[in-house]
Amino acid sequence: MKILPFYICIFFLQSLSVKAQDTIQFNNPFSEPRYHYFLKTILLFNEYLDTENGSYNTTQLRFLQPIGNKAWNLRFDLPLISANTNSTNKTGIGDVSAGISFIPYMERNNGIALRARVISNSASDPSFGTGKWVFVPSIFYGRYLQSKKYLWISSFEYQTSFAGASNRKDINVSVFENVILCFFGKNWIAADAAFRCNNTVKGFQNNAFLEFGRKITPDNLIYIHPSVAFGGQKSYNYGLEMGILILF
């Protein structure tokens, strides 16, 4: 049952084909600045999380590289984590990850994207990672609403561990997320809710956020989003993320 979402992704990959490959880069849900699949992108962000046991701060560098006809996209993440808890007060590298995305179907107003990521067991300290190798397949559906004033992106992601330290808990998490973005001029506002079922702890670790973003140049964007966690097994109380995107 753990690999069922992976088979679903493969089914979509085999049964759907990209429409209008020559125009896929523009005027579609996945070409908007916050979800840009078609230009090289560097994202640098800092996320602060308040927890019951202290705080965690993650500074992350993400690199996106389109390949082929730009329906394909490579992603690399390098996190630097600082922990300030009752038992830990240190900084180090977290679990490095890599992924590949594919857009099998695209029209002007809606589209489907697939992604597969592998999160490595590479943290410099056990406190900064899961201690597991994790496979993360995802599927996204994007659609414009009200003459492209709003963008809705819905996604389902499954996280499952397949190797790593035997003394660490297995990863078995399902995430259903929906975000609505509203565009006006050089700005956007977004509202997001993610429902996260952690089958290992048999509870929900949900969160929601608001985001405020702005283009500061044609190729540079900044954003800020506060978030709050909810659910019986929530992993943090509240958070604040700020980032800059560079498109080129």
# chains A, B, ... in the order shown; residues from 1 in each chain; ligands from 1
call {"tool": "residues_around", "arguments": {"residues": "Val228 (chain A)", "least_positions_apart": "3", "cutoff": "9 Å", "atoms": "only C-alpha atoms", "output": "mmCIF file with N, CA, C and O atoms, in the first residue's frame"}}
result
data_model
loop_
_atom_site.group_PDB
_atom_site.id
_atom_site.type_symbol
_atom_site.label_atom_id
_atom_site.label_comp_id
_atom_site.auth_asym_id
_atom_site.auth_seq_id
_atom_site.Cartn_x
_atom_site.Cartn_y
_atom_site.Cartn_z
ATOM 1 N N ASN A 206 -1.274 19.143 10.613
ATOM 2 C CA ASN A 206 -1.711 20.073 9.588
ATOM 3 C C ASN A 206 -1.095 21.451 9.799
ATOM 4 O O ASN A 206 -0.617 21.789 10.884
ATOM 5 N N ASN A 207 -1.138 22.257 8.735
ATOM 6 C CA ASN A 207 -0.718 23.652 8.881
ATOM 7 C C ASN A 207 -1.391 24.508 7.812
ATOM 8 O O ASN A 207 -1.879 23.991 6.797
ATOM 9 N N ALA A 208 -1.422 25.809 8.059
ATOM 10 C CA ALA A 208 -1.992 26.771 7.121
ATOM 11 C C ALA A 208 -1.137 28.027 7.139
ATOM 12 O O ALA A 208 -0.490 28.334 8.145
ATOM 13 N N PHE A 209 -1.112 28.735 5.995
ATOM 14 C CA PHE A 209 -0.347 29.978 5.973
ATOM 15 C C PHE A 209 -0.986 30.997 5.047
ATOM 16 O O PHE A 209 -1.773 30.659 4.159
ATOM 17 N N TYR A 236 4.765 21.742 15.224
ATOM 18 C CA TYR A 236 5.216 23.048 15.695
ATOM 19 C C TYR A 236 3.994 23.887 16.026
ATOM 20 O O TYR A 236 2.852 23.470 15.789
ATOM 21 N N ASN A 237 4.214 25.070 16.586
ATOM 22 C CA ASN A 237 3.103 25.956 16.957
ATOM 23 C C ASN A 237 2.828 26.987 15.871
ATOM 24 O O ASN A 237 1.736 27.047 15.312
ATOM 25 N N TYR A 238 3.832 27.797 15.582
ATOM 26 C CA TYR A 238 3.689 28.792 14.522
ATOM 27 C C TYR A 238 5.043 28.985 13.851
ATOM 28 O O TYR A 238 6.094 28.603 14.385
ATOM 29 N N GLY A 239 5.018 29.577 12.659
ATOM 30 C CA GLY A 239 6.254 29.761 11.921
ATOM 31 C C GLY A 239 6.227 31.026 11.095
ATOM 32 O O GLY A 239 5.170 31.630 10.875
ATOM 33 N N LEU A 240 7.388 31.414 10.613
ATOM 34 C CA LEU A 240 7.516 32.574 9.741
ATOM 35 C C LEU A 240 8.595 32.274 8.709
ATOM 36 O O LEU A 240 9.729 31.938 9.062
#
call {"tool": "residues_around", "arguments": {"residues": "Ala194 (chain A)", "least_positions_apart": "6", "cutoff": "10 Å", "atoms": "only C-alpha atoms", "output": "ChimeraX atom specification"}}
result
/A:154-156,175-179,205-209,229-230
call {"tool": "closest_residue", "arguments": {"among": "A:Trp152, A:Tyr35, A:Tyr158, A:Phe135", "to": "Leu221 (chain A)", "atoms": "only C-alpha atoms"}}
result
A:Tyr35
call {"tool": "atom_distance", "arguments": {"atom1": "CA of Asn46 (chain A)", "atom2": "CA of Leu78 (chain A)"}}
result
12.0 Å
call {"tool": "closest_residue", "arguments": {"among": "A:Ala165, A:Arg117, A:Leu181, A:Asn109", "to": "Arg143 (chain A)", "atoms": "only C-alpha atoms"}}
result
A:Asn109
call {"tool": "select_by_dssp", "arguments": {"residues": "region 49-232 of chain A", "states": "strand (DSSP E or B)", "output": "PyMOL selection string"}}
result
chain A and resi 49-51+54-67+72-85+89-93+97-106+110-119+132-145+150-164+172-184+187-198+203-204+206-217+220-230
call {"tool": "select_by_dssp", "arguments": {"residues": "region 16-229 of chain A", "states": "helix (DSSP H, G or I)", "output": "VMD selection string"}}
result
chain A and resid 21 to 23 29 to 31 33 to 35 126 to 128
call {"tool": "closest_residue", "arguments": {"among": "A:Ser55, A:Phe183, A:Arg75, A:Glu211", "to": "Lys148 (chain A)", "atoms": "only C-alpha atoms"}}
result
A:Phe183
call {"tool": "atom_distance", "arguments": {"atom1": "CA of Ser120 (chain A)", "atom2": "CA of Val173 (chain A)"}}
result
16.4 Å
call {"tool": "atom_distance", "arguments": {"atom1": "CA of Phe76 (chain A)", "atom2": "CA of Ser97 (chain A)"}}
result
5.9 Å
call {"tool": "closest_residue", "arguments": {"among": "A:Glu107, A:Asp95, A:Asp192, A:Asp50", "to": "Asn121 (chain A)", "atoms": "only C-alpha atoms"}}
result
A:Asp95
call {"tool": "closest_residue", "arguments": {"among": "A:Met106, A:Val134, A:Val96, A:Cys197", "to": "Lys234 (chain A)", "atoms": "only C-alpha atoms"}}
result
A:Cys197
call {"tool": "closest_residue", "arguments": {"among": "A:Trp133, A:Ile222, A:Gly54, A:Phe204", "to": "Trp188 (chain A)", "atoms": "only C-alpha atoms"}}
result
A:Ile222
